[in-house]
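A.B. asks: File my_file25.cif follows (mmCIF, C-alpha atoms and all ligand atoms):
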data_run
loop_
_atom_site.label_atom_id
_atom_site.label_comp_id
_atom_site.auth_asym_id
_atom_site.auth_seq_id
_atom_site.Cartn_x
_atom_site.Cartn_y
_atom_site.Cartn_z
CA MET A 12 -14.27 16.06 2.00
CA LEU A 13 -14.17 16.85 -1.67
CA VAL A 14 -13.13 13.86 -3.76
CA GLN A 15 -11.82 14.04 -7.30
CA THR A 16 -12.66 10.82 -9.12
CA ILE A 17 -11.86 9.31 -12.48
CA THR A 18 -13.13 5.92 -13.43
CA PRO A 19 -14.47 5.86 -16.98
CA ASN A 20 -12.28 2.95 -18.19
CA ALA A 21 -11.75 1.22 -14.86
CA SER A 22 -13.60 -2.00 -15.68
CA TYR A 23 -12.05 -2.23 -19.14
CA GLU A 24 -8.60 -1.89 -17.56
CA PHE A 25 -9.44 -4.45 -14.87
CA ALA A 26 -10.56 -6.96 -17.54
CA ALA A 27 -7.41 -6.32 -19.61
CA ASP A 28 -5.11 -6.75 -16.57
CA VAL A 29 -6.89 -9.96 -15.48
CA ARG A 30 -6.58 -11.32 -19.00
CA SER A 31 -2.88 -10.54 -19.29
CA GLY A 32 -2.09 -11.82 -15.76
CA LEU A 33 -3.90 -15.12 -16.17
CA THR A 34 -2.50 -15.85 -19.63
CA LYS A 35 1.10 -15.15 -18.64
CA PRO A 36 3.38 -18.08 -19.55
CA GLY A 37 4.66 -19.76 -16.37
CA GLN A 38 3.42 -18.14 -13.16
CA LYS A 39 -0.13 -16.73 -13.40
CA GLU A 40 -0.57 -13.45 -11.55
CA LEU A 41 -3.07 -10.75 -10.60
CA LEU A 42 -2.00 -7.21 -9.70
CA SER A 43 -2.14 -6.55 -5.97
CA LYS A 44 -3.85 -3.18 -6.41
CA TYR A 45 -7.03 -5.08 -7.33
CA LEU A 46 -7.18 -6.57 -3.81
CA TYR A 47 -8.64 -3.23 -2.68
CA ASP A 48 -12.29 -2.94 -3.70
CA ASP A 49 -14.83 -1.99 -0.97
CA ILE A 50 -14.70 -5.46 0.61
CA GLY A 51 -10.91 -5.74 0.27
CA SER A 52 -10.38 -2.34 1.92
CA ALA A 53 -12.69 -3.31 4.80
CA LEU A 54 -10.85 -6.64 5.22
CA PHE A 55 -7.46 -4.89 5.15
CA GLU A 56 -8.67 -2.65 7.95
CA VAL A 57 -9.49 -5.77 10.01
CA ILE A 58 -6.07 -7.27 9.18
CA SER A 59 -4.45 -4.16 10.63
CA HIS A 60 -6.04 -5.04 14.02
CA LEU A 61 -5.04 -8.74 14.04
CA PRO A 62 -2.64 -9.84 16.79
CA GLU A 63 -0.45 -11.57 14.19
CA TYR A 64 -0.08 -8.44 12.02
CA GLY A 65 2.12 -6.21 14.16
CA LEU A 66 3.12 -4.00 11.23
CA THR A 67 0.36 -1.37 11.49
CA ARG A 68 0.69 -1.07 15.27
CA ALA A 69 4.48 -0.59 14.96
CA ASP A 70 3.98 2.10 12.31
CA GLU A 71 1.39 3.81 14.51
CA ARG A 72 3.58 3.64 17.64
CA LEU A 73 6.41 5.36 15.77
CA LEU A 74 4.14 8.08 14.40
CA ARG A 75 2.52 8.67 17.80
CA ARG A 76 5.87 8.81 19.60
CA HIS A 77 7.84 10.80 17.01
CA GLY A 78 5.12 12.81 15.22
CA PRO A 79 6.17 16.11 16.87
CA ASP A 80 9.86 15.46 16.08
CA ILE A 81 9.02 14.61 12.45
CA VAL A 82 7.05 17.84 12.11
CA GLU A 83 9.84 19.89 13.75
CA ARG A 84 12.23 18.77 11.01
CA LEU A 85 10.00 19.85 8.09
CA ALA A 86 10.40 23.01 6.04
CA THR A 87 7.14 24.92 6.50
CA PRO A 88 4.52 25.86 5.45
CA VAL A 89 3.85 22.36 4.23
CA ALA A 90 0.95 20.47 2.64
CA VAL A 91 0.63 16.71 3.08
CA ALA A 92 -0.05 14.11 0.38
CA GLU A 93 -0.48 10.45 1.33
CA LEU A 94 0.03 7.64 -1.20
CA GLY A 95 -2.47 4.82 -0.52
CA SER A 96 -3.81 6.35 2.69
CA GLY A 97 -6.13 3.46 3.56
CA SER A 98 -8.22 4.50 6.57
CA GLY A 99 -5.66 7.18 7.56
CA ARG A 100 -5.89 6.13 11.22
CA LYS A 101 -2.14 6.41 11.93
CA THR A 102 -1.76 9.59 9.92
CA ARG A 103 -3.69 11.46 12.63
CA HIS A 104 -0.50 11.65 14.74
CA VAL A 105 1.45 13.54 12.08
CA LEU A 106 -1.49 15.73 11.06
CA GLU A 107 -2.34 16.73 14.64
CA ALA A 108 1.27 17.71 15.32
CA LEU A 109 1.34 19.72 12.10
CA CYS A 110 -2.05 21.37 12.65
CA ARG A 111 -0.80 22.71 15.98
CA ARG A 112 1.69 24.77 13.94
CA GLN A 113 -0.23 25.71 10.81
CA ARG A 114 -3.47 25.26 8.89
CA THR A 115 -2.87 22.09 6.89
CA ALA A 116 -4.10 20.82 3.53
CA TYR A 117 -4.14 17.02 3.44
CA TYR A 118 -4.48 15.10 0.14
CA PRO A 119 -5.06 11.33 0.48
CA ILE A 120 -4.47 9.54 -2.85
CA GLU A 121 -6.26 6.20 -3.19
CA ILE A 122 -7.61 3.83 -5.81
CA SER A 123 -10.20 2.59 -3.32
CA PRO A 124 -13.17 4.99 -2.95
CA SER A 125 -14.27 3.30 0.26
CA ALA A 126 -10.79 3.73 1.78
CA LEU A 127 -10.96 7.43 0.87
CA ALA A 128 -14.35 7.70 2.58
CA MET A 129 -13.02 5.92 5.71
CA CYS A 130 -10.05 8.28 5.72
CA GLU A 131 -12.25 11.35 5.66
CA ARG A 132 -14.45 10.06 8.51
CA GLU A 133 -11.33 9.24 10.51
CA LEU A 134 -9.58 12.61 10.18
CA ARG A 135 -12.17 15.33 9.57
CA ASP A 136 -12.44 16.28 13.26
CA ILE A 137 -8.81 17.51 13.39
CA GLU A 138 -8.77 21.22 13.96
CA SER A 139 -7.28 23.41 11.19
CA ILE A 140 -7.30 20.68 8.54
CA SER A 141 -8.75 20.69 5.04
CA ILE A 142 -9.02 17.36 3.20
CA LEU A 143 -9.18 16.86 -0.55
CA GLY A 144 -9.09 13.21 -1.62
CA PHE A 145 -7.92 11.99 -5.02
CA GLU A 146 -9.28 8.71 -6.36
CA ARG A 147 -6.19 8.07 -8.45
CA GLU A 148 -3.14 5.87 -8.86
CA TYR A 149 -0.22 7.05 -6.70
CA LEU A 150 1.80 9.06 -9.21
CA ASP A 151 -1.17 10.50 -11.12
CA GLY A 152 -2.56 11.76 -7.83
CA LEU A 153 0.78 13.16 -6.69
CA LEU A 154 1.22 15.02 -9.99
CA GLU A 155 -2.15 16.70 -9.45
CA VAL A 156 -1.38 17.60 -5.86
CA ALA A 157 1.99 19.05 -6.89
CA ALA A 158 0.32 21.08 -9.65
CA GLN A 159 -2.05 22.64 -7.08
CA ARG A 160 0.57 23.55 -4.49
CA SER A 161 0.48 27.13 -3.25
CA ARG A 162 3.51 29.33 -3.89
CA GLY A 163 6.15 28.92 -1.20
CA HIS A 164 4.53 25.76 0.22
CA HIS A 165 6.50 22.54 0.64
CA LEU A 166 5.09 19.04 0.29
CA LEU A 167 5.37 16.17 2.74
CA VAL A 168 4.57 12.86 1.04
CA LEU A 169 3.59 9.96 3.29
CA PHE A 170 4.17 6.40 2.08
CA LEU A 171 3.41 4.34 5.17
CA GLY A 172 2.41 0.81 6.14
CA SER A 173 5.24 -0.77 4.14
CA THR A 174 3.34 -0.27 0.88
CA ILE A 175 6.79 0.25 -0.74
CA GLY A 176 7.29 -3.46 0.06
CA ASN A 177 4.67 -4.38 -2.55
CA PHE A 178 7.14 -3.32 -5.24
CA HIS A 179 10.05 -5.52 -6.28
CA ARG A 180 13.22 -3.85 -5.01
CA PRO A 181 14.32 -2.36 -8.38
CA ALA A 182 10.74 -1.20 -9.10
CA GLY A 183 10.61 0.34 -5.60
CA ILE A 184 13.74 2.38 -6.38
CA ARG A 185 12.27 3.44 -9.73
CA PHE A 186 9.08 4.46 -7.92
CA LEU A 187 11.04 6.60 -5.41
CA ASN A 188 12.79 8.23 -8.38
CA GLU A 189 9.41 9.07 -9.92
CA VAL A 190 8.20 10.54 -6.63
CA ARG A 191 11.40 12.60 -6.36
CA ARG A 192 10.95 13.93 -9.91
CA ILE A 193 7.55 15.34 -8.91
CA LEU A 194 8.94 17.00 -5.76
CA GLN A 195 11.09 20.10 -5.29
CA PRO A 196 14.29 20.40 -3.23
CA GLY A 197 13.37 20.70 0.45
CA ASP A 198 10.15 18.65 0.08
CA SER A 199 10.06 15.47 2.11
CA LEU A 200 8.99 11.85 2.01
CA LEU A 201 8.13 9.84 5.11
CA LEU A 202 8.76 6.24 4.10
CA GLY A 203 7.75 3.32 6.34
CA PRO A 204 9.13 -0.07 5.21
CA ASP A 205 8.68 -3.22 7.28
CA LEU A 206 11.97 -4.81 8.37
CA GLU A 207 13.23 -8.37 8.19
CA LYS A 208 12.05 -10.73 10.92
CA SER A 209 11.74 -14.48 11.50
CA ASN A 210 10.01 -16.61 8.88
CA ALA A 211 7.59 -17.94 11.50
CA GLN A 212 6.54 -14.41 12.48
CA LEU A 213 6.11 -13.42 8.83
CA LEU A 214 4.08 -16.49 7.91
CA ARG A 215 1.73 -15.89 10.86
CA ALA A 216 1.32 -12.24 9.82
CA TYR A 217 0.26 -13.21 6.28
CA ASP A 218 -1.77 -16.32 7.17
CA ASP A 219 -3.63 -15.50 10.39
CA GLU A 220 -5.56 -18.00 12.48
CA LEU A 221 -8.95 -16.38 11.88
CA GLY A 222 -8.54 -16.53 8.12
CA VAL A 223 -9.01 -12.80 7.50
CA THR A 224 -5.96 -12.59 5.22
CA ALA A 225 -7.23 -15.66 3.37
CA ALA A 226 -10.58 -13.89 2.86
CA PHE A 227 -8.75 -10.73 1.72
CA ASN A 228 -6.86 -12.76 -0.88
CA LEU A 229 -9.86 -14.85 -2.04
CA ASN A 230 -11.95 -11.69 -2.36
CA LEU A 231 -9.91 -10.93 -5.47
CA LEU A 232 -11.52 -13.95 -7.20
CA ALA A 233 -14.91 -12.94 -5.80
CA ARG A 234 -14.34 -9.46 -7.21
CA ILE A 235 -13.62 -10.94 -10.66
CA ASN A 236 -16.88 -12.90 -10.34
CA ARG A 237 -18.81 -9.73 -9.36
CA GLU A 238 -17.29 -7.31 -11.83
CA LEU A 239 -16.29 -9.50 -14.78
CA ASP A 240 -19.10 -12.04 -14.54
CA ALA A 241 -16.65 -14.92 -13.94
CA ASP A 242 -17.43 -18.31 -12.38
CA PHE A 243 -14.53 -18.89 -9.97
CA ASP A 244 -15.61 -21.48 -7.36
CA LEU A 245 -13.94 -19.98 -4.26
CA ALA A 246 -14.05 -23.31 -2.40
CA GLN A 247 -11.69 -24.70 -5.05
CA PHE A 248 -8.92 -22.20 -4.24
CA ALA A 249 -6.79 -21.93 -1.10
CA HIS A 250 -4.85 -18.98 0.31
CA VAL A 251 -1.11 -19.62 0.57
CA ALA A 252 1.59 -17.45 2.19
CA ARG A 253 5.17 -18.41 1.40
CA ILE A 254 8.62 -17.00 1.99
CA ASN A 255 10.74 -16.09 -1.02
CA HIS A 256 14.23 -16.27 0.50
CA GLU A 257 16.02 -14.87 -2.53
CA ASP A 258 13.75 -11.79 -2.75
CA ARG A 259 13.45 -11.42 1.07
CA SER A 260 9.69 -11.23 0.68
CA VAL A 261 6.47 -12.95 1.70
CA GLU A 262 4.31 -13.91 -1.25
CA MET A 263 0.57 -14.48 -1.27
CA HIS A 264 -0.82 -16.96 -3.76
CA LEU A 265 -4.17 -18.60 -4.51
CA ARG A 266 -3.70 -22.34 -5.07
CA SER A 267 -6.09 -24.30 -7.24
CA ARG A 268 -7.24 -27.36 -5.26
CA CYS A 269 -7.99 -29.34 -8.44
CA ARG A 270 -7.72 -29.22 -12.21
CA GLN A 271 -10.43 -26.81 -13.35
CA ILE A 272 -11.56 -24.38 -16.04
CA VAL A 273 -12.84 -20.89 -15.19
CA ASN A 274 -14.77 -18.59 -17.51
CA ILE A 275 -14.32 -14.82 -17.35
CA PRO A 276 -16.69 -13.53 -20.05
CA VAL A 277 -16.01 -9.79 -19.66
CA ALA A 278 -12.28 -10.50 -20.15
CA GLU A 279 -13.16 -12.85 -23.07
CA LEU A 280 -11.18 -15.55 -21.34
CA GLU A 281 -11.45 -19.23 -20.49
CA VAL A 282 -8.56 -20.24 -18.27
CA GLU A 283 -7.37 -23.66 -17.19
CA PHE A 284 -5.75 -24.37 -13.81
CA GLN A 285 -3.81 -27.52 -13.00
CA GLU A 286 -4.13 -29.03 -9.52
CA ASN A 287 -1.85 -27.04 -7.13
CA GLU A 288 -1.12 -24.37 -9.74
CA THR A 289 -1.10 -20.92 -8.13
CA ILE A 290 -1.98 -17.33 -8.95
CA TRP A 291 0.52 -14.95 -7.39
CA THR A 292 -1.39 -11.98 -5.94
CA GLU A 293 1.03 -9.97 -3.77
CA SER A 294 4.62 -9.74 -2.54
CA SER A 295 5.68 -7.92 0.62
CA HIS A 296 9.40 -7.23 0.59
CA LYS A 297 11.22 -6.82 3.87
CA TYR A 298 14.13 -4.45 4.33
CA SER A 299 17.18 -3.98 6.52
CA PRO A 300 17.37 -0.54 8.17
CA GLU A 301 20.69 0.20 6.38
CA GLU A 302 19.48 -0.52 2.87
CA VAL A 303 17.05 2.42 3.02
CA PHE A 304 19.96 4.94 2.93
CA PRO A 305 21.50 4.04 -0.46
CA MET A 306 18.02 3.49 -1.87
CA ALA A 307 16.99 7.00 -0.82
CA ARG A 308 20.28 8.50 -2.05
CA SER A 309 20.00 6.92 -5.48
CA ALA A 310 16.53 8.45 -5.83
CA GLY A 311 17.73 11.96 -4.90
CA PHE A 312 16.83 12.08 -1.19
CA ARG A 313 18.96 12.30 1.93
CA CYS A 314 17.84 10.52 5.06
CA GLU A 315 17.22 13.16 7.74
CA ALA A 316 16.24 10.66 10.43
CA GLN A 317 15.27 7.04 10.97
CA TRP A 318 13.19 5.65 13.85
CA ILE A 319 12.86 1.91 14.51
CA ASP A 320 10.17 0.22 16.57
CA GLU A 321 11.48 -2.01 19.32
CA GLN A 322 8.58 -4.46 19.53
CA TRP A 323 8.06 -5.17 15.80
CA PRO A 324 11.03 -4.31 13.53
CA PHE A 325 9.70 -1.48 11.37
CA ALA A 326 11.46 1.72 10.25
CA GLU A 327 10.07 5.22 9.77
CA ASN A 328 12.42 7.24 7.53
CA LEU A 329 12.23 10.97 6.96
CA LEU A 330 13.79 11.63 3.55
CA ILE A 331 14.48 15.14 2.26
CA ALA A 332 14.53 15.88 -1.49
CA GLU A 333 17.92 17.33 -2.53
C1 LIG B 401 -1.07 -1.94 2.20
S1 LIG B 401 -2.42 -0.82 2.16
C2 LIG B 401 -1.80 0.43 3.26
C3 LIG B 401 -2.84 1.37 3.77
C4 LIG B 401 -2.32 2.41 4.77
N1 LIG B 401 -1.35 3.30 4.15
C5 LIG B 401 -1.69 1.74 5.96
O1 LIG B 401 -0.50 1.96 6.17
O2 LIG B 401 -2.36 1.00 6.69
C6 LIG B 401 -2.22 -0.07 0.56
C7 LIG B 401 -3.24 1.01 0.23
O3 LIG B 401 -2.88 1.58 -1.03
C8 LIG B 401 -3.99 1.60 -1.92
N2 LIG B 401 -3.44 1.33 -3.25
C9 LIG B 401 -2.95 0.16 -3.73
N3 LIG B 401 -2.45 0.32 -4.97
C10 LIG B 401 -2.64 1.64 -5.28
C11 LIG B 401 -2.31 2.43 -6.42
N4 LIG B 401 -1.69 1.89 -7.48
N5 LIG B 401 -2.62 3.75 -6.40
C12 LIG B 401 -3.26 4.30 -5.32
N6 LIG B 401 -3.59 3.59 -4.20
C13 LIG B 401 -3.28 2.29 -4.19
C14 LIG B 401 -4.93 0.50 -1.43
O4 LIG B 401 -6.28 0.78 -1.76
C15 LIG B 401 -4.67 0.48 0.07
O5 LIG B 401 -5.56 1.30 0.77
#
Would you give me this structure, written as structure tokens?
C.D. replies:
Amino acid sequence: MLVQTITPNASYEFAADVRSGLTKPGQKELLSKYLYDDIGSALFEVISHLPEYGLTRADERLLRRHGPDIVERLATPVAVAELGSGSGRKTRHVLEALCRRQRTAYYPIEISPSALAMCERELRDIESISILGFEREYLDGLLEVAAQRSRGHHLLVLFLGSTIGNFHRPAGIRFLNEVRRILQPGDSLLLGPDLEKSNAQLLRAYDDELGVTAAFNLNLLARINRELDADFDLAQFAHVARINHEDRSVEMHLRSRCRQIVNIPVAELEVEFQENETIWTESSHKYSPEEVFPMARSAGFRCEAQWIDEQWPFAENLLIAE
């Protein structure tokens, strides 16, 4: 696979974001995109196999079962761009169905180089596929893919695994609007949000028995130690998953077990934590199946079809740009 990379200011940006997140008045925070370095991407892959985390399996079941139907409904010829592809394991079902009809260009867009590499290894054996990965943020990557599209080709954008849930609802709608602005009428977006379920089920999914999700979360502090020369003592922080009822989301936090001071030299920062103070690292918003329709409409899409998994409430939505 060819990969287009850009990373000249990555560590400067990381330091600036860590500095602004940890000096925020009130709730300290770190951006969830930084969870995905090489170790974070590998840990996320393990999470997707955990018995407690039914989300990825539900997404995959829907794609396996309905892949041919999804492809039937697309305007062709079509190229495929995937926002935050991760390992691309589930995407195989859509790509195989598509490659039976046409030669297919597939463009995974990822900030994690190791996820891009996993994705290529996972999908390169599909017949009639060409893969060009973009190591970019979602919209920057999509703009480049759209600029390269061949005349007369449509685009199918995949946004799977409930990654839309990492945005606050209004920001999620703004993001869909941005995606729509890059697309042309007749292009499509396959959007997979996770649906509401019991609090107990959600808390298990984001705080598994083996502690893999805890390691995934704590790795963010380890990453700051590795890349920004910081001195976080990981044993002095605990992973916490909590329900935010008002936002209908599960939040991940890192709770300081004691009062402590941490130095982050590359970010020119010394930061104090009170006992039990937390750093908010990720939110995963949960949706009702019906709320996807107005959300899609307000962003300039119509919902062509929706499929819901019966074992783990999760919805695959095929949205067509109007
Ligand atoms: C929740 S994981 C989902 C992975 C995969 N789509 C799945 O369904 O299993 C989110 C993925 O998006 C990538 N990612 C996170 N923020 C990103 C951003 N701003 N731009 C591009 N990729 C991003 C991460 O590296 C990660 O692989």
A.B. asks: Calculated over all atoms listed in the file, which of the candidates A:Glu327, A:Asp240, A:Glu220, A:Glu146 has the smallest distance to Phe170 (chain A)?
C.D. replies: A:Glu327
A.B. asks: Could you pull out the residues sitting within 7 Å of ligand LIG 401 (chain B), using only C-alpha atoms and all ligand atoms, and write them as a ChimeraX atom specification?
C.D. replies: /A:43-44,47,52,59,67,94-99,120-123,126,147-149,170-174
A.B. asks: Record the distance separating CA of Gly197 (chain A) and CA of Phe304 (chain A), expressed in Å with one decimal.
C.D. replies: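 About the pair CA of Gly197 (chain A) and CA of Phe304 (chain A): they are 17.3 Å apart.
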A.B. asks: Name the closest residue to Ile81 (chain A) among the candidates A:Val105, A:Met263, A:Ile275, A:Leu221; distances are taken between atoms, counting all atoms listed in the file.
C.D. replies: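 Using all atoms listed in the file, the shortest distance to Ile81 (chain A) belongs to A:Val105.
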A.B. asks: Would you be able to write out as a ChimeraX atom specification which residues have an atom within 7 Å of (-18.6, 0.3, 0.8) in the file's coordinates, counting all atoms listed in the file?
C.D. replies: /A:49-50,125
A.B. asks: Take CA of Leu85 (chain A) and CA of Ala108 (chain A) and report the distance between them in Å, one decimal.
C.D. replies: 11.5 Å
A.B. asks: Would you pick out the contacts of Ile193 (chain A) at 10 Å or less, using only C-alpha atoms, so that residues sharing its chain but fewer than 3 positions from it are not included, and give the list as JSON, numbers by chain?
C.D. replies: {"A": [150, 153, 154, 155, 156, 157, 158, 188, 189, 190, 198]}
A.B. asks: Go ahead and dump the residues you just picked, C-alpha atoms, as a short mmCIF file (atom, residue, chain, number, x, y, z; two decimals), in the coordinates of the input.
C.D. replies:
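Output file selection.cif is given in full below:
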data_model
loop_
_atom_site.label_atom_id
_atom_site.label_comp_id
_atom_site.auth_asym_id
_atom_site.auth_seq_id
_atom_site.Cartn_x
_atom_site.Cartn_y
_atom_site.Cartn_z
CA LEU A 150 1.80 9.06 -9.21
CA LEU A 153 0.78 13.16 -6.69
CA LEU A 154 1.22 15.02 -9.99
CA GLU A 155 -2.15 16.70 -9.45
CA VAL A 156 -1.38 17.60 -5.86
CA ALA A 157 1.99 19.05 -6.89
CA ALA A 158 0.32 21.08 -9.65
CA ASN A 188 12.79 8.23 -8.38
CA GLU A 189 9.41 9.07 -9.92
CA VAL A 190 8.20 10.54 -6.63
CA ASP A 198 10.15 18.65 0.08
#
A.B. asks: Calculate how many Å separate CA of Leu206 (chain A) from CA of Gln317 (chain A), rounding to one decimal.
C.D. replies: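 These two atoms are separated by 12.6 Å.
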A.B. asks: For Asp218 (chain A), which of A:Leu74, A:Ala86, A:Leu61, A:Ala53 is the closest residue, counting only C-alpha atoms?
C.D. replies: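 The answer is A:Leu61, which sits nearest to Asp218 (chain A).
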A.B. asks: Is it possible to add N, CA, C and O atoms to region 122-135 of chain A and hand it back as a PDB file, in the frame of the given file?
C.D. replies:
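Dumped everything to out_17.pdb:
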ATOM      1  N   ILE A 122      -6.771   4.401  -4.745  1.00  0.00           N
ATOM      2  CA  ILE A 122      -7.610   3.830  -5.810  1.00  0.00           C
ATOM      3  C   ILE A 122      -8.913   3.300  -5.229  1.00  0.00           C
ATOM      4  O   ILE A 122      -9.823   2.987  -5.977  1.00  0.00           O
ATOM      5  N   SER A 123      -8.994   3.166  -3.913  1.00  0.00           N
ATOM      6  CA  SER A 123     -10.200   2.590  -3.320  1.00  0.00           C
ATOM      7  C   SER A 123     -11.105   3.708  -2.805  1.00  0.00           C
ATOM      8  O   SER A 123     -10.766   4.385  -1.829  1.00  0.00           O
ATOM      9  N   PRO A 124     -12.276   3.917  -3.417  1.00  0.00           N
ATOM     10  CA  PRO A 124     -13.170   4.990  -2.950  1.00  0.00           C
ATOM     11  C   PRO A 124     -13.617   4.773  -1.512  1.00  0.00           C
ATOM     12  O   PRO A 124     -13.770   5.735  -0.756  1.00  0.00           O
ATOM     13  N   SER A 125     -13.789   3.505  -1.105  1.00  0.00           N
ATOM     14  CA  SER A 125     -14.270   3.300   0.260  1.00  0.00           C
ATOM     15  C   SER A 125     -13.154   3.589   1.269  1.00  0.00           C
ATOM     16  O   SER A 125     -13.415   4.066   2.375  1.00  0.00           O
ATOM     17  N   ALA A 126     -11.896   3.357   0.890  1.00  0.00           N
ATOM     18  CA  ALA A 126     -10.790   3.730   1.780  1.00  0.00           C
ATOM     19  C   ALA A 126     -10.736   5.249   1.917  1.00  0.00           C
ATOM     20  O   ALA A 126     -10.540   5.782   3.020  1.00  0.00           O
ATOM     21  N   LEU A 127     -10.952   5.953   0.814  1.00  0.00           N
ATOM     22  CA  LEU A 127     -10.960   7.430   0.870  1.00  0.00           C
ATOM     23  C   LEU A 127     -12.057   7.926   1.817  1.00  0.00           C
ATOM     24  O   LEU A 127     -11.845   8.852   2.605  1.00  0.00           O
ATOM     25  N   ALA A 128     -13.230   7.291   1.727  1.00  0.00           N
ATOM     26  CA  ALA A 128     -14.350   7.700   2.580  1.00  0.00           C
ATOM     27  C   ALA A 128     -14.020   7.438   4.049  1.00  0.00           C
ATOM     28  O   ALA A 128     -14.282   8.270   4.926  1.00  0.00           O
ATOM     29  N   MET A 129     -13.414   6.252   4.323  1.00  0.00           N
ATOM     30  CA  MET A 129     -13.020   5.920   5.710  1.00  0.00           C
ATOM     31  C   MET A 129     -12.042   6.970   6.220  1.00  0.00           C
ATOM     32  O   MET A 129     -12.104   7.421   7.359  1.00  0.00           O
ATOM     33  N   CYS A 130     -11.119   7.356   5.351  1.00  0.00           N
ATOM     34  CA  CYS A 130     -10.050   8.280   5.720  1.00  0.00           C
ATOM     35  C   CYS A 130     -10.649   9.639   6.113  1.00  0.00           C
ATOM     36  O   CYS A 130     -10.246  10.242   7.111  1.00  0.00           O
ATOM     37  N   GLU A 131     -11.633  10.063   5.340  1.00  0.00           N
ATOM     38  CA  GLU A 131     -12.250  11.350   5.660  1.00  0.00           C
ATOM     39  C   GLU A 131     -12.964  11.297   7.015  1.00  0.00           C
ATOM     40  O   GLU A 131     -12.814  12.181   7.856  1.00  0.00           O
ATOM     41  N   ARG A 132     -13.717  10.196   7.241  1.00  0.00           N
ATOM     42  CA  ARG A 132     -14.450  10.060   8.510  1.00  0.00           C
ATOM     43  C   ARG A 132     -13.459  10.045   9.671  1.00  0.00           C
ATOM     44  O   ARG A 132     -13.708  10.581  10.736  1.00  0.00           O
ATOM     45  N   GLU A 133     -12.327   9.418   9.450  1.00  0.00           N
ATOM     46  CA  GLU A 133     -11.330   9.240  10.510  1.00  0.00           C
ATOM     47  C   GLU A 133     -10.672  10.571  10.912  1.00  0.00           C
ATOM     48  O   GLU A 133     -10.345  10.785  12.069  1.00  0.00           O
ATOM     49  N   LEU A 134     -10.463  11.457   9.922  1.00  0.00           N
ATOM     50  CA  LEU A 134      -9.580  12.610  10.180  1.00  0.00           C
ATOM     51  C   LEU A 134     -10.264  13.972  10.150  1.00  0.00           C
ATOM     52  O   LEU A 134      -9.644  14.985  10.472  1.00  0.00           O
ATOM     53  N   ARG A 135     -11.547  14.016   9.797  1.00  0.00           N
ATOM     54  CA  ARG A 135     -12.170  15.330   9.570  1.00  0.00           C
ATOM     55  C   ARG A 135     -12.327  16.162  10.834  1.00  0.00           C
ATOM     56  O   ARG A 135     -12.538  17.365  10.768  1.00  0.00           O
TER      57      ARG A 135
END
